[in-house]
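Printed here is input26.cif (mmCIF, C-alpha atoms):
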data_data
loop_
_atom_site.label_atom_id
_atom_site.label_comp_id
_atom_site.auth_asym_id
_atom_site.auth_seq_id
_atom_site.Cartn_x
_atom_site.Cartn_y
_atom_site.Cartn_z
CA MET A 26 110.47 6.99 21.30
CA GLU A 27 109.84 8.59 24.66
CA SER A 28 108.06 6.43 27.21
CA TYR A 29 106.42 6.83 30.59
CA SER A 30 108.55 6.69 33.69
CA TYR A 31 107.49 6.27 37.31
CA ALA A 32 108.81 7.72 40.54
CA ALA A 33 107.51 7.45 44.10
CA PRO A 34 109.77 9.66 46.22
CA ASN A 35 109.82 9.38 50.01
CA SER A 36 110.28 13.07 50.70
CA VAL A 37 108.57 16.27 49.59
CA SER A 38 111.94 17.83 48.73
CA GLU A 39 112.71 14.94 46.35
CA ALA A 40 109.27 15.27 44.77
CA VAL A 41 109.66 19.03 44.28
CA ALA A 42 113.20 18.54 42.88
CA LEU A 43 111.87 16.00 40.37
CA LEU A 44 109.11 18.38 39.30
CA ALA A 45 111.58 21.25 38.91
CA GLY A 46 114.13 19.10 37.09
CA ASN A 47 111.55 17.87 34.61
CA ALA A 48 110.21 21.39 34.09
CA SER A 49 113.69 22.71 33.26
CA GLU A 50 114.21 19.87 30.75
CA GLY A 51 110.80 20.45 29.18
CA ARG A 52 109.53 17.05 30.27
CA GLN A 53 105.99 16.79 31.58
CA THR A 54 105.17 15.40 35.01
CA GLN A 55 101.84 13.94 36.03
CA ILE A 56 101.11 13.82 39.74
CA LEU A 57 99.54 10.48 40.66
CA ALA A 58 97.44 10.00 43.79
CA GLY A 59 94.39 7.73 43.43
CA GLY A 60 94.78 7.65 39.65
CA THR A 61 91.06 7.25 38.93
CA ASP A 62 91.14 10.23 36.55
CA VAL A 63 94.81 10.01 35.54
CA LEU A 64 94.77 6.42 34.30
CA VAL A 65 91.67 7.06 32.20
CA GLN A 66 93.26 10.21 30.75
CA MET A 67 96.47 8.29 29.98
CA ARG A 68 94.51 5.99 27.68
CA GLY A 69 92.89 8.89 25.88
CA SER A 70 94.32 10.48 22.77
CA GLY A 71 96.62 13.43 23.26
CA HIS A 72 98.20 12.14 26.47
CA THR A 73 101.92 11.99 25.75
CA PRO A 74 104.41 9.93 27.76
CA ARG A 75 105.60 11.70 30.87
CA THR A 76 106.91 11.09 34.35
CA LEU A 77 104.27 9.69 36.69
CA LEU A 78 105.06 11.15 40.09
CA ASP A 79 103.33 8.99 42.69
CA ILE A 80 102.81 11.03 45.88
CA LYS A 81 101.47 8.13 47.95
CA ALA A 82 104.85 7.30 49.53
CA LEU A 83 105.02 10.71 51.25
CA ALA A 84 104.19 10.95 54.96
CA GLU A 85 102.70 14.44 54.44
CA THR A 86 100.13 13.42 51.83
CA ASN A 87 98.96 10.47 53.92
CA ARG A 88 98.12 12.65 56.93
CA LEU A 89 94.53 12.49 58.14
CA GLU A 90 94.37 14.45 61.36
CA VAL A 91 91.24 15.47 63.17
CA GLY A 92 92.18 17.69 66.11
CA SER A 93 90.13 19.80 68.50
CA GLU A 94 90.94 22.99 66.54
CA SER A 95 91.85 21.87 63.05
CA ILE A 96 91.57 19.13 60.46
CA TYR A 97 94.15 18.07 57.87
CA ILE A 98 93.28 15.84 54.93
CA GLY A 99 96.38 14.79 52.96
CA SER A 100 96.20 14.64 49.20
CA ALA A 101 96.81 10.88 49.06
CA VAL A 102 94.01 9.96 51.49
CA PRO A 103 91.29 8.07 49.59
CA SER A 104 87.60 8.97 49.91
CA ALA A 105 86.81 5.61 51.52
CA VAL A 106 89.19 6.38 54.39
CA ILE A 107 87.68 9.84 54.93
CA ASN A 108 84.17 8.44 54.81
CA GLU A 109 84.99 5.79 57.44
CA ASN A 110 86.32 8.40 59.89
CA THR A 111 83.74 8.70 62.67
CA GLU A 112 84.93 12.15 63.82
CA LEU A 113 84.66 13.56 60.31
CA GLN A 114 81.21 12.00 59.94
CA VAL A 115 80.10 14.27 62.79
CA ALA A 116 82.19 17.36 61.96
CA LEU A 117 81.89 17.57 58.16
CA PRO A 118 78.90 15.50 57.02
CA GLY A 119 78.51 17.67 53.90
CA LEU A 120 82.06 17.17 52.70
CA LEU A 121 81.75 13.44 53.32
CA GLU A 122 78.45 13.12 51.49
CA ALA A 123 80.05 14.88 48.52
CA ALA A 124 83.02 12.47 48.58
CA ASP A 125 80.61 9.56 48.93
CA LEU A 126 78.76 10.61 45.77
CA ILE A 127 81.87 10.27 43.61
CA GLY A 128 82.04 6.89 41.93
CA SER A 129 81.55 3.35 43.15
CA THR A 130 82.98 1.51 46.16
CA GLN A 131 85.93 0.57 43.93
CA ILE A 132 86.56 4.17 42.88
CA GLN A 133 86.30 5.46 46.45
CA GLY A 134 88.95 2.95 47.51
CA ARG A 135 91.47 4.92 45.43
CA ALA A 136 90.05 8.33 44.53
CA THR A 137 91.03 11.34 46.63
CA ILE A 138 89.12 14.60 47.13
CA CYS A 139 92.35 16.50 46.47
CA GLY A 140 92.55 14.72 43.12
CA ASN A 141 88.95 15.71 42.45
CA LEU A 142 90.03 19.31 43.14
CA CYS A 143 93.19 19.17 40.97
CA ASN A 144 91.30 17.53 38.09
CA ALA A 145 89.14 20.67 38.17
CA SER A 146 86.05 19.36 36.46
CA PRO A 147 83.20 21.91 36.65
CA ALA A 148 81.05 19.08 38.05
CA GLY A 149 83.52 17.77 40.65
CA ASP A 150 81.22 17.05 43.59
CA SER A 151 83.68 17.54 46.42
CA ILE A 152 84.72 21.05 45.28
CA PRO A 153 81.60 23.06 46.30
CA ALA A 154 81.56 21.10 49.57
CA MET A 155 85.18 21.95 50.39
CA ILE A 156 84.62 25.60 49.42
CA ALA A 157 81.60 25.74 51.76
CA ALA A 158 83.64 24.12 54.53
CA GLY A 159 86.29 26.83 54.12
CA ALA A 160 89.15 24.50 53.18
CA VAL A 161 92.58 25.95 52.44
CA CYS A 162 95.02 24.26 50.05
CA ASP A 163 98.46 23.39 51.43
CA ILE A 164 100.75 23.51 48.39
CA ALA A 165 104.34 22.25 48.24
CA THR A 166 106.55 24.73 46.40
CA GLY A 167 110.23 24.93 45.44
CA ASP A 168 111.07 26.81 48.62
CA GLY A 169 108.63 25.38 51.13
CA SER A 170 104.89 25.69 50.97
CA ARG A 171 102.11 28.18 50.39
CA GLU A 172 98.42 28.33 51.20
CA LEU A 173 95.53 29.19 48.92
CA PRO A 174 91.78 29.25 49.72
CA VAL A 175 90.17 26.39 47.88
CA GLU A 176 87.77 28.72 46.01
CA ASP A 177 90.81 30.31 44.31
CA PHE A 178 92.46 27.00 43.38
CA VAL A 179 90.46 26.05 40.30
CA THR A 180 91.07 28.61 37.55
CA GLY A 181 89.13 27.10 34.66
CA VAL A 182 87.83 23.86 33.18
CA GLY A 183 90.56 21.31 33.95
CA GLN A 184 92.91 24.08 35.11
CA ASN A 185 94.26 24.88 38.56
CA ALA A 186 96.50 27.42 40.24
CA LEU A 187 99.47 25.09 40.71
CA GLN A 188 102.62 26.60 39.22
CA PRO A 189 105.32 24.47 37.58
CA GLY A 190 107.19 22.68 40.35
CA GLU A 191 104.26 22.71 42.78
CA PHE A 192 101.86 20.05 43.97
CA LEU A 193 99.01 19.81 46.45
CA LEU A 194 99.98 18.36 49.84
CA GLY A 195 96.52 18.47 51.41
CA LEU A 196 93.66 20.54 52.75
CA LYS A 197 93.53 22.45 56.02
CA LEU A 198 90.18 23.05 57.68
CA SER A 199 89.00 24.47 60.98
CA MET A 200 87.26 22.04 63.30
CA PRO A 201 83.63 23.19 63.27
CA GLY A 202 81.97 23.68 66.65
CA PRO A 203 78.55 22.12 67.37
CA GLU A 204 76.85 25.31 66.11
CA THR A 205 78.42 24.87 62.65
CA ARG A 206 77.46 22.16 60.16
CA ASP A 207 77.65 21.62 56.43
CA ALA A 208 75.62 19.89 53.73
CA TYR A 209 76.05 19.05 50.05
CA LEU A 210 73.27 18.22 47.65
CA ARG A 211 73.42 17.60 43.94
CA PHE A 212 70.96 16.68 41.27
CA THR A 213 71.58 13.85 38.81
CA PRO A 214 69.14 12.04 36.51
CA ARG A 215 70.21 8.71 38.05
CA THR A 216 70.43 8.15 41.80
CA GLU A 217 73.96 6.75 41.71
CA MET A 218 77.14 7.17 39.73
CA ASP A 219 76.20 10.07 37.57
CA ILE A 220 77.61 13.51 36.91
CA ALA A 221 76.01 16.48 38.64
CA VAL A 222 73.59 18.69 36.71
CA ALA A 223 73.92 21.13 39.59
CA GLY A 224 75.31 20.94 43.11
CA VAL A 225 75.30 23.17 46.19
CA GLY A 226 77.53 23.06 49.26
CA VAL A 227 76.50 24.98 52.37
CA SER A 228 78.09 25.58 55.76
CA LEU A 229 76.11 27.43 58.43
CA THR A 230 76.75 28.68 61.93
CA VAL A 231 73.59 29.16 63.98
CA ILE A 232 73.70 30.61 67.51
CA ASP A 233 70.49 31.03 69.54
CA GLY A 234 68.43 30.47 66.42
CA ILE A 235 70.17 33.17 64.37
CA CYS A 236 72.54 32.44 61.50
CA THR A 237 75.82 34.18 62.33
CA ALA A 238 77.98 32.88 59.50
CA ALA A 239 77.39 31.10 56.20
CA ARG A 240 79.28 29.91 53.16
CA VAL A 241 77.43 28.79 50.06
CA ALA A 242 79.12 27.33 46.94
CA ILE A 243 77.67 26.15 43.66
CA GLY A 244 78.98 23.47 41.30
CA ALA A 245 78.33 22.22 37.76
CA VAL A 246 76.64 25.51 36.80
CA ALA A 247 79.75 27.49 35.74
CA PRO A 248 83.25 26.70 34.39
CA THR A 249 84.39 26.36 38.01
CA ALA A 250 82.69 25.84 41.34
CA ARG A 251 81.94 29.27 42.83
CA LEU A 252 81.61 30.74 46.29
CA VAL A 253 78.40 32.82 46.38
CA PRO A 254 78.88 35.61 48.96
CA ASP A 255 75.44 37.09 48.14
CA ALA A 256 73.77 33.86 49.23
CA ALA A 257 75.64 34.02 52.53
CA HIS A 258 74.63 37.67 53.01
CA ALA A 259 70.99 36.69 52.51
CA LEU A 260 71.27 34.23 55.41
CA VAL A 261 73.43 35.95 58.03
CA GLY A 262 71.38 37.74 60.68
CA THR A 263 68.19 35.81 59.88
CA ASP A 264 66.54 32.89 61.63
CA LEU A 265 66.77 31.01 58.29
CA ASN A 266 63.13 31.65 57.45
CA GLU A 267 61.58 30.84 54.11
CA GLN A 268 62.22 34.34 52.78
CA ALA A 269 65.94 34.12 53.59
CA LEU A 270 66.20 30.71 51.94
CA VAL A 271 64.48 31.96 48.80
CA ALA A 272 66.81 34.98 48.66
CA ALA A 273 69.86 32.71 49.02
CA GLY A 274 68.52 30.46 46.25
CA GLU A 275 68.03 33.46 43.98
CA ALA A 276 71.61 34.58 44.70
CA CYS A 277 72.88 31.13 43.61
CA LYS A 278 70.78 31.38 40.47
CA ALA A 279 72.24 34.82 39.71
CA ALA A 280 75.80 33.57 40.29
CA ALA A 281 75.34 30.59 37.96
CA SER A 282 76.43 30.75 34.32
CA PRO A 283 75.71 27.20 33.15
CA ILE A 284 75.93 25.58 29.75
CA SER A 285 73.21 23.54 28.11
CA ASP A 286 74.15 19.95 27.41
CA LYS A 287 72.64 16.45 27.37
CA ARG A 288 72.21 16.52 31.14
CA GLY A 289 70.21 19.71 31.28
CA THR A 290 69.60 23.11 29.75
CA ALA A 291 71.12 26.26 31.20
CA GLU A 292 67.68 27.48 32.26
CA TYR A 293 66.92 24.18 34.01
CA ARG A 294 70.27 24.18 35.82
CA LYS A 295 69.67 27.69 37.15
CA LYS A 296 66.27 26.67 38.46
CA VAL A 297 67.65 23.50 40.07
CA VAL A 298 70.59 25.26 41.72
CA ALA A 299 68.18 27.58 43.57
CA VAL A 300 66.11 24.62 44.81
CA LEU A 301 69.21 22.70 45.90
CA CYS A 302 70.48 25.77 47.74
CA ARG A 303 67.28 26.03 49.80
CA ARG A 304 67.30 22.30 50.58
CA ALA A 305 71.00 22.24 51.51
CA ILE A 306 70.51 25.17 53.90
CA ALA A 307 67.57 23.38 55.51
CA LEU A 308 69.64 20.20 55.84
CA ALA A 309 72.64 21.96 57.41
CA HIS A 310 70.25 23.78 59.78
CA GLN A 311 68.63 20.49 60.80
CA ARG A 312 72.07 19.07 61.54
CA ILE A 313 72.88 21.97 63.86
CA GLN A 314 69.55 21.56 65.66
CA GLY A 315 70.17 17.83 65.97
CA ALA A 316 73.74 18.26 67.25
CA MET B 5 113.38 1.57 28.18
CA ALA B 6 114.15 -0.71 31.08
CA ARG B 7 111.15 -2.37 32.63
CA LEU B 8 110.47 -1.90 36.32
CA GLN B 9 111.04 -4.71 38.79
CA VAL B 10 108.22 -5.08 41.32
CA GLU B 11 107.65 -7.43 44.23
CA SER B 12 104.21 -7.85 45.72
CA THR B 13 102.14 -10.47 47.49
CA ILE B 14 99.55 -12.01 45.19
CA ASN B 15 96.99 -14.28 46.84
CA GLY B 16 99.39 -14.92 49.70
CA ASP B 17 102.45 -15.72 47.58
CA THR B 18 105.38 -13.37 47.05
CA LYS B 19 105.68 -12.62 43.33
CA GLU B 20 108.31 -10.72 41.43
CA PHE B 21 107.52 -9.37 38.02
CA LEU B 22 108.63 -6.84 35.44
CA CYS B 23 106.27 -4.23 34.07
CA ASP B 24 106.21 -0.99 32.12
CA ALA B 25 105.66 2.28 34.01
CA ASP B 26 102.26 2.80 32.39
CA GLN B 27 101.11 -0.83 32.53
CA SER B 28 97.92 -1.33 34.55
CA MET B 29 97.62 -3.82 37.40
CA LEU B 30 94.98 -5.55 35.30
CA ASP B 31 97.43 -6.09 32.44
CA VAL B 32 100.12 -7.21 34.89
CA LEU B 33 97.79 -9.83 36.40
CA ARG B 34 96.63 -11.11 33.04
CA ASP B 35 99.69 -10.76 30.82
CA GLU B 36 102.67 -10.99 33.19
CA LEU B 37 101.35 -13.32 35.90
CA GLY B 38 98.89 -15.44 33.90
CA LEU B 39 96.04 -14.71 36.32
CA THR B 40 93.28 -14.31 33.77
CA GLY B 41 90.38 -14.63 36.22
CA THR B 42 90.32 -10.84 36.58
CA LYS B 43 88.45 -9.53 33.55
CA GLU B 44 88.63 -6.35 31.52
CA GLY B 45 85.23 -4.87 30.78
CA CYS B 46 85.49 -1.14 30.20
CA GLY B 47 89.07 -0.31 31.18
CA THR B 48 87.89 2.99 32.68
CA GLY B 49 86.66 2.02 36.15
CA ASP B 50 82.97 1.96 35.30
CA CYS B 51 82.11 -1.76 35.20
CA GLY B 52 83.96 -3.42 38.09
CA ALA B 53 84.85 -6.58 36.13
CA CYS B 54 88.49 -6.12 37.19
CA SER B 55 87.73 -5.72 40.92
CA ILE B 56 90.59 -6.83 43.17
CA LEU B 57 91.54 -6.25 46.80
CA VAL B 58 94.66 -4.20 47.55
CA ASP B 59 95.62 -4.46 51.23
CA GLY B 60 92.00 -5.46 51.79
CA ARG B 61 90.59 -2.43 49.96
CA LEU B 62 88.34 -2.99 46.92
CA VAL B 63 89.68 -1.30 43.77
CA CYS B 64 89.52 -1.56 39.99
CA ALA B 65 92.73 -3.17 38.67
CA CYS B 66 92.38 -1.16 35.45
CA LEU B 67 92.76 2.11 37.39
CA MET B 68 95.94 1.10 39.17
CA LEU B 69 99.45 0.78 37.81
CA GLY B 70 101.21 -2.55 38.22
CA VAL B 71 104.19 -0.76 39.72
CA GLU B 72 101.92 0.64 42.45
CA SER B 73 101.40 -2.88 43.81
CA GLY B 74 105.00 -2.99 45.09
CA GLY B 75 105.00 -4.09 48.74
CA LYS B 76 101.24 -4.48 48.76
CA SER B 77 99.04 -7.52 49.28
CA ILE B 78 96.79 -8.25 46.30
CA GLU B 79 93.85 -10.63 46.32
CA THR B 80 92.19 -11.72 43.08
CA ILE B 81 89.40 -14.14 42.22
CA GLU B 82 92.02 -16.91 42.05
CA GLY B 83 92.61 -16.47 45.80
CA ILE B 84 88.97 -16.70 46.90
CA ALA B 85 88.56 -20.49 47.05
CA ASP B 86 90.75 -22.50 49.41
CA LYS B 87 91.97 -26.09 49.55
CA GLU B 88 88.68 -27.17 51.12
CA GLY B 89 86.67 -25.98 48.14
CA LEU B 90 84.74 -23.04 46.85
CA HIS B 91 84.06 -19.96 48.95
CA PRO B 92 80.40 -19.67 50.10
CA LEU B 93 79.97 -16.75 47.67
CA GLN B 94 81.15 -18.88 44.75
CA ARG B 95 78.87 -21.72 45.83
CA GLN B 96 75.87 -19.43 46.22
CA PHE B 97 76.47 -17.76 42.86
CA LEU B 98 76.22 -21.26 41.36
CA GLU B 99 73.22 -22.28 43.52
CA ASN B 100 71.31 -19.12 42.62
CA ALA B 101 72.32 -19.16 38.94
CA ALA B 102 73.62 -15.63 39.55
CA LEU B 103 75.56 -15.59 36.30
CA GLN B 104 75.06 -16.14 32.62
CA CYS B 105 77.96 -15.10 30.40
CA GLY B 106 80.25 -14.90 33.44
CA ILE B 107 82.46 -11.96 32.49
CA CYS B 108 81.29 -9.85 35.43
CA THR B 109 81.26 -12.74 37.92
CA PRO B 110 84.86 -12.62 39.25
CA GLY B 111 84.45 -8.90 39.92
CA PHE B 112 81.12 -9.42 41.66
CA ILE B 113 82.53 -12.16 43.87
CA VAL B 114 85.60 -10.16 44.87
CA ALA B 115 83.43 -7.07 45.54
CA SER B 116 80.93 -9.15 47.52
CA LYS B 117 83.71 -10.65 49.61
CA ALA B 118 84.87 -7.14 50.52
CA LEU B 119 81.26 -6.25 51.37
CA LEU B 120 80.77 -9.22 53.68
CA GLU B 121 84.03 -8.49 55.47
CA LYS B 122 82.73 -4.99 56.29
CA HIS B 123 79.01 -5.80 56.65
CA PRO B 124 78.52 -9.48 57.55
CA ASN B 125 74.72 -9.19 57.40
CA PRO B 126 73.94 -6.56 54.77
CA ASP B 127 70.36 -5.68 53.84
CA GLU B 128 69.35 -5.54 50.19
CA GLU B 129 69.88 -1.79 49.91
CA THR B 130 73.41 -2.06 51.32
CA ILE B 131 74.21 -4.85 48.86
CA ARG B 132 72.87 -2.89 45.89
CA TYR B 133 74.75 0.30 46.82
CA TRP B 134 77.99 -1.58 47.48
CA LEU B 135 77.75 -3.45 44.17
CA ALA B 136 76.66 -0.39 42.18
CA GLY B 137 80.15 -0.29 40.66
CA ASN B 138 79.77 -3.79 39.21
CA LEU B 139 77.78 -4.00 36.01
CA CYS B 140 76.03 -7.13 34.76
CA ARG B 141 74.17 -7.09 31.47
CA CYS B 142 72.74 -10.63 31.78
CA THR B 143 71.12 -11.35 35.11
CA GLY B 144 69.19 -8.21 36.03
CA TYR B 145 71.00 -8.31 39.40
CA ASP B 146 68.23 -9.96 41.48
CA LYS B 147 69.89 -13.36 41.48
CA ILE B 148 73.23 -11.78 42.36
CA VAL B 149 71.68 -9.98 45.34
CA ARG B 150 70.05 -13.22 46.51
CA ALA B 151 73.34 -15.12 46.14
CA VAL B 152 75.11 -12.54 48.30
CA GLN B 153 72.32 -12.71 50.91
CA ASP B 154 72.48 -16.52 50.98
CA ALA B 155 76.28 -16.48 51.27
CA ALA B 156 76.02 -13.99 54.14
CA ALA B 157 73.53 -16.26 55.90
CA GLU B 158 75.70 -19.30 55.33
CA MET B 159 78.82 -17.54 56.60
CA SER B 160 77.17 -16.25 59.77
CA HIS B 161 75.44 -19.59 60.51
CA PRO B 162 77.66 -22.35 59.11
CA ALA B 163 75.71 -25.53 58.46
#
For this file, produce the structure as structure tokens.
Amino acid sequence: MESYSYAAPNSVSEAVALLAGNASEGRQTQILAGGTDVLVQMRGSGHTPRTLLDIKALAETNRLEVGSESIYIGSAVPSAVINENTELQVALPGLLEAADLIGSTQIQGRATICGNLCNASPAGDSIPAMIAAGAVCDIATGDGSRELPVEDFVTGVGQNALQPGEFLLGLKLSMPGPETRDAYLRFTPRTEMDIAVAGVGVSLTVIDGICTAARVAIGAVAPTARLVPDAAHALVGTDLNEQALVAAGEACKAAASPISDKRGTAEYRKKVVAVLCRRAIALAHQRIQGA
Amino acid sequence: MARLQVESTINGDTKEFLCDADQSMLDVLRDELGLTGTKEGCGTGDCGACSILVDGRLVCACLMLGVESGGKSIETIEGIADKEGLHPLQRQFLENAALQCGICTPGFIVASKALLEKHPNPDEETIRYWLAGNLCRCTGYDKIVRAVQDAAAEMSHPA
């Protein structure tokens, strides 16, 4: 009987070669970073033995670099490490509050936001936040690497754009200036450790009181998190008055195509996503004014 | 298939063990190393009964592979007390009757130790958020919170 095997290569080229080799032999490979989803899935039915490819021994995936122009968050960096980074606390408070909403202290000690992205749950909290922040995926491929905007990475429920032989090395972001801040808000029936009914990530740039750039993303209200360009259009050029916020909220509502389940009906989710949008914009705006 | 040979530091001692590729750290501790103080509650990272420290970082042993502990320093409930006696947290859990059935207790104590290393004087809200990943179905949590507060006080002002 086939059994699990484990590999923790020290170089990206070895990791890619292992992925390609397995693919050509028809053997499955499971990338392992924090493992907080993978180990649970392994115990579920339908998970067949495969190669567990641990990417935590790679220098590239352990990178956490906060420079004056750019930020790099490697795919093996746990949420707890991101959340403890004082520069990121200032630069990307929205992304960090999303990461901080996922699981307990124990989970955050292992879980990675890149794993949250690859797992591609419709309710993954960090995904709308990283879309709003304009993150770009750095993907290792057979012949080097390629980049993909994070909003194009998740292709369906539990599905992502990684091709056979590829894996996610990390996320690239621009270092926001003091006039740019983000926010992430979600609604859950409980205050802690619950799965989002709806979530909204927002990043705003405000210069001399006028919004000059915006990115708004919604989560848990469609098969994938979605960038909502219409919400951004409703904000840019305004002083973020009530009317603009309402228009952005309505755009989020229009972009949502939620399901009804035990956590909320589709109608309720659409209503909540509009409210969260307005509040997240107000929060990001406050952060810029306070910066 | 051949089992994997792993060497890690467990409660300060170098240990070598064999494990399967898909065997959890929790099963390694309990079944390979005989350290049964770490408990299995849910096996899916929800209850915190299997809390351990890996290089000082609090994690669930059920969500980690045994083979991943190679080269790492692991601390379990068995490593909390020293030769002098119980750790203040263990003593205060007893003093405050912060346990009933006891299954969650090793996880709470390990998690609380990690908390006090990061926040030596936590307020109640900090304690409750930090311990939100540890479930107890007996005590209602109040006595646990008080035990952690008393241990924090004792550790910052030794008698």
* For chain A against chain B, which residues fall within 9 Å using only C-alpha atoms, given as a list in words? -> Glu27, Ser28, Tyr29, Ser30, Tyr31, Ala33, Gly59, Gly60, Thr61, Asp62, Val63, Leu64, Val65, Met67, Arg68, Pro74, Thr76, Leu77, Asp79, Gly128, Ser129, Thr130, Gln131, Ile132, Gln133, Gly134, Arg135, Glu217 and Met218 of chain A
* Asked: In terms of the shortest atom-to-atom distance over all atoms listed in the file, which of A:Phe212, A:Phe178, A:Phe192, A:Tyr293 is closest to Ala40 in chain A?
  -> A:Phe192
* Quick one: apply the PyMOL selection byres ((chain A and resi 152) around 12) to the file and drop the selected residues here as a ChimeraX atom specification. => /A:119-124,127,137-151,153-162,174-179,196,209,211,221,224-227,241-245,249-252
* Can you list what the PyMOL selection byres ((chain B and resi 103-113) around 9) grabs from this structure, as JSON, numbers by chain? -> {"B": [41, 42, 43, 44, 45, 51, 52, 53, 54, 55, 56, 64, 80, 81, 82, 84, 93, 94, 97, 98, 100, 101, 102, 114, 115, 116, 117, 118, 135, 138, 139, 140, 141, 142, 143, 147, 148, 152]}
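Within the 8 Å cut-off around Pro283 in chain A, using only C-alpha atoms and omitting residues fewer than 2 positions from it on the same chain, the listed residues are Ala245, Val246, Ala247, Pro248, Ala281, Ser285, Ala291, Arg294 and Lys295 of chain A.
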Please save C-alpha atoms of the selected residues as a short mmCIF file (atom, residue, chain, number, x, y, z; two decimals), in the frame of the given file.
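Listing of selection_7.cif after writing:
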data_model
loop_
_atom_site.label_atom_id
_atom_site.label_comp_id
_atom_site.auth_asym_id
_atom_site.auth_seq_id
_atom_site.Cartn_x
_atom_site.Cartn_y
_atom_site.Cartn_z
CA ALA A 245 78.33 22.22 37.76
CA VAL A 246 76.64 25.51 36.80
CA ALA A 247 79.75 27.49 35.74
CA PRO A 248 83.25 26.70 34.39
CA ALA A 281 75.34 30.59 37.96
CA SER A 285 73.21 23.54 28.11
CA ALA A 291 71.12 26.26 31.20
CA ARG A 294 70.27 24.18 35.82
CA LYS A 295 69.67 27.69 37.15
#
Applied to the shown file, which residues does the PyMOL selection byres ((chain B and resi 10-21) around 6) return, written as a PDB file with C-alpha atoms, keeping the file's coordinate frame?
ATOM      1  CA  GLN B   9     111.040  -4.710  38.790  1.00  0.00           C
ATOM      2  CA  LEU B  22     108.630  -6.840  35.440  1.00  0.00           C
ATOM      3  CA  GLY B  74     105.000  -2.990  45.090  1.00  0.00           C
ATOM      4  CA  GLY B  75     105.000  -4.090  48.740  1.00  0.00           C
ATOM      5  CA  LYS B  76     101.240  -4.480  48.760  1.00  0.00           C
ATOM      6  CA  SER B  77      99.040  -7.520  49.280  1.00  0.00           C
ATOM      7  CA  ILE B  78      96.790  -8.250  46.300  1.00  0.00           C
ATOM      8  CA  GLU B  79      93.850 -10.630  46.320  1.00  0.00           C
ATOM      9  CA  GLY B  83      92.610 -16.470  45.800  1.00  0.00           C
TER      10      GLY B  83
END
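Considering the residues B:His123, B:Glu36, B:Gly70, B:Cys46 and counting all atoms listed in the file, Ala157 in chain B has its shortest atom-to-atom contact with B:His123.
Of the residues under consideration (A:Ile306, A:Val222, A:Arg288, A:Leu301), A:Ile306 shows the shortest atom-to-atom contact distance to Arg240 in chain A when counting only C-alpha atoms.
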* Asked: In Å, with one decimal, what is the gap from CA of Pro124 in chain B to CA of Gln96 in chain B?
  ->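 Separation between CA of Pro124 in chain B and CA of Gln96 in chain B: 15.3 Å.
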* Asked: In Å to one decimal, how far is CA of Ala280 in chain A from CA of Ile235 in chain A?
  ->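 Between CA of Ile235 in chain A and CA of Ala280 in chain A the gap works out to 24.7 Å.
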* Interatomic distance between CA of Ala136 in chain A and CA of Asn108 in chain A? -> 11.8 Å
* List every protein, DNA or RNA residue with an atom no more than 12 Å from (69.4, 36.4, 63.6) in the file's coordinates, counting all atoms listed in the file, and format the result as a list in words. =>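 Selection result: Thr230, Val231, Ile232, Asp233, Gly234, Ile235, Cys236, Thr237, Ala238, His258, Ala259, Leu260, Val261, Gly262, Thr263, Asp264, Leu265, Asn266 and Ala269 of chain A.
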* Would you mind listing what lies within 12 Å of Leu113 in chain A as a PyMOL selection string, with all atoms listed in the file counted and same-chain residues fewer than 5 positions away left out? => chain A and resi 89-93+95-98+104+106-108+118-122+124+198-201+206-207
* Looking at all atoms listed in the file, which of A:Asp255, A:Glu85, A:Glu275, A:Asp219 is the one that sits closest to Leu193 in chain A? ->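 Checking each candidate against Leu193 in chain A, we get A:Glu85 as the closest.
In terms of minimum interatomic distance to Pro92 in chain B, B:Ala156 ranks closest within B:Ala156, B:Leu37, B:Met29, B:Ile131, counting all atoms listed in the file.
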* **Among the residues B:Asp59, B:Asp86, B:Glu99, B:Asp31, the one that comes closest to Ala155 in chain B [using all atoms listed in the file]** =>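 Among the listed residues, B:Glu99 lies closest to Ala155 in chain B.
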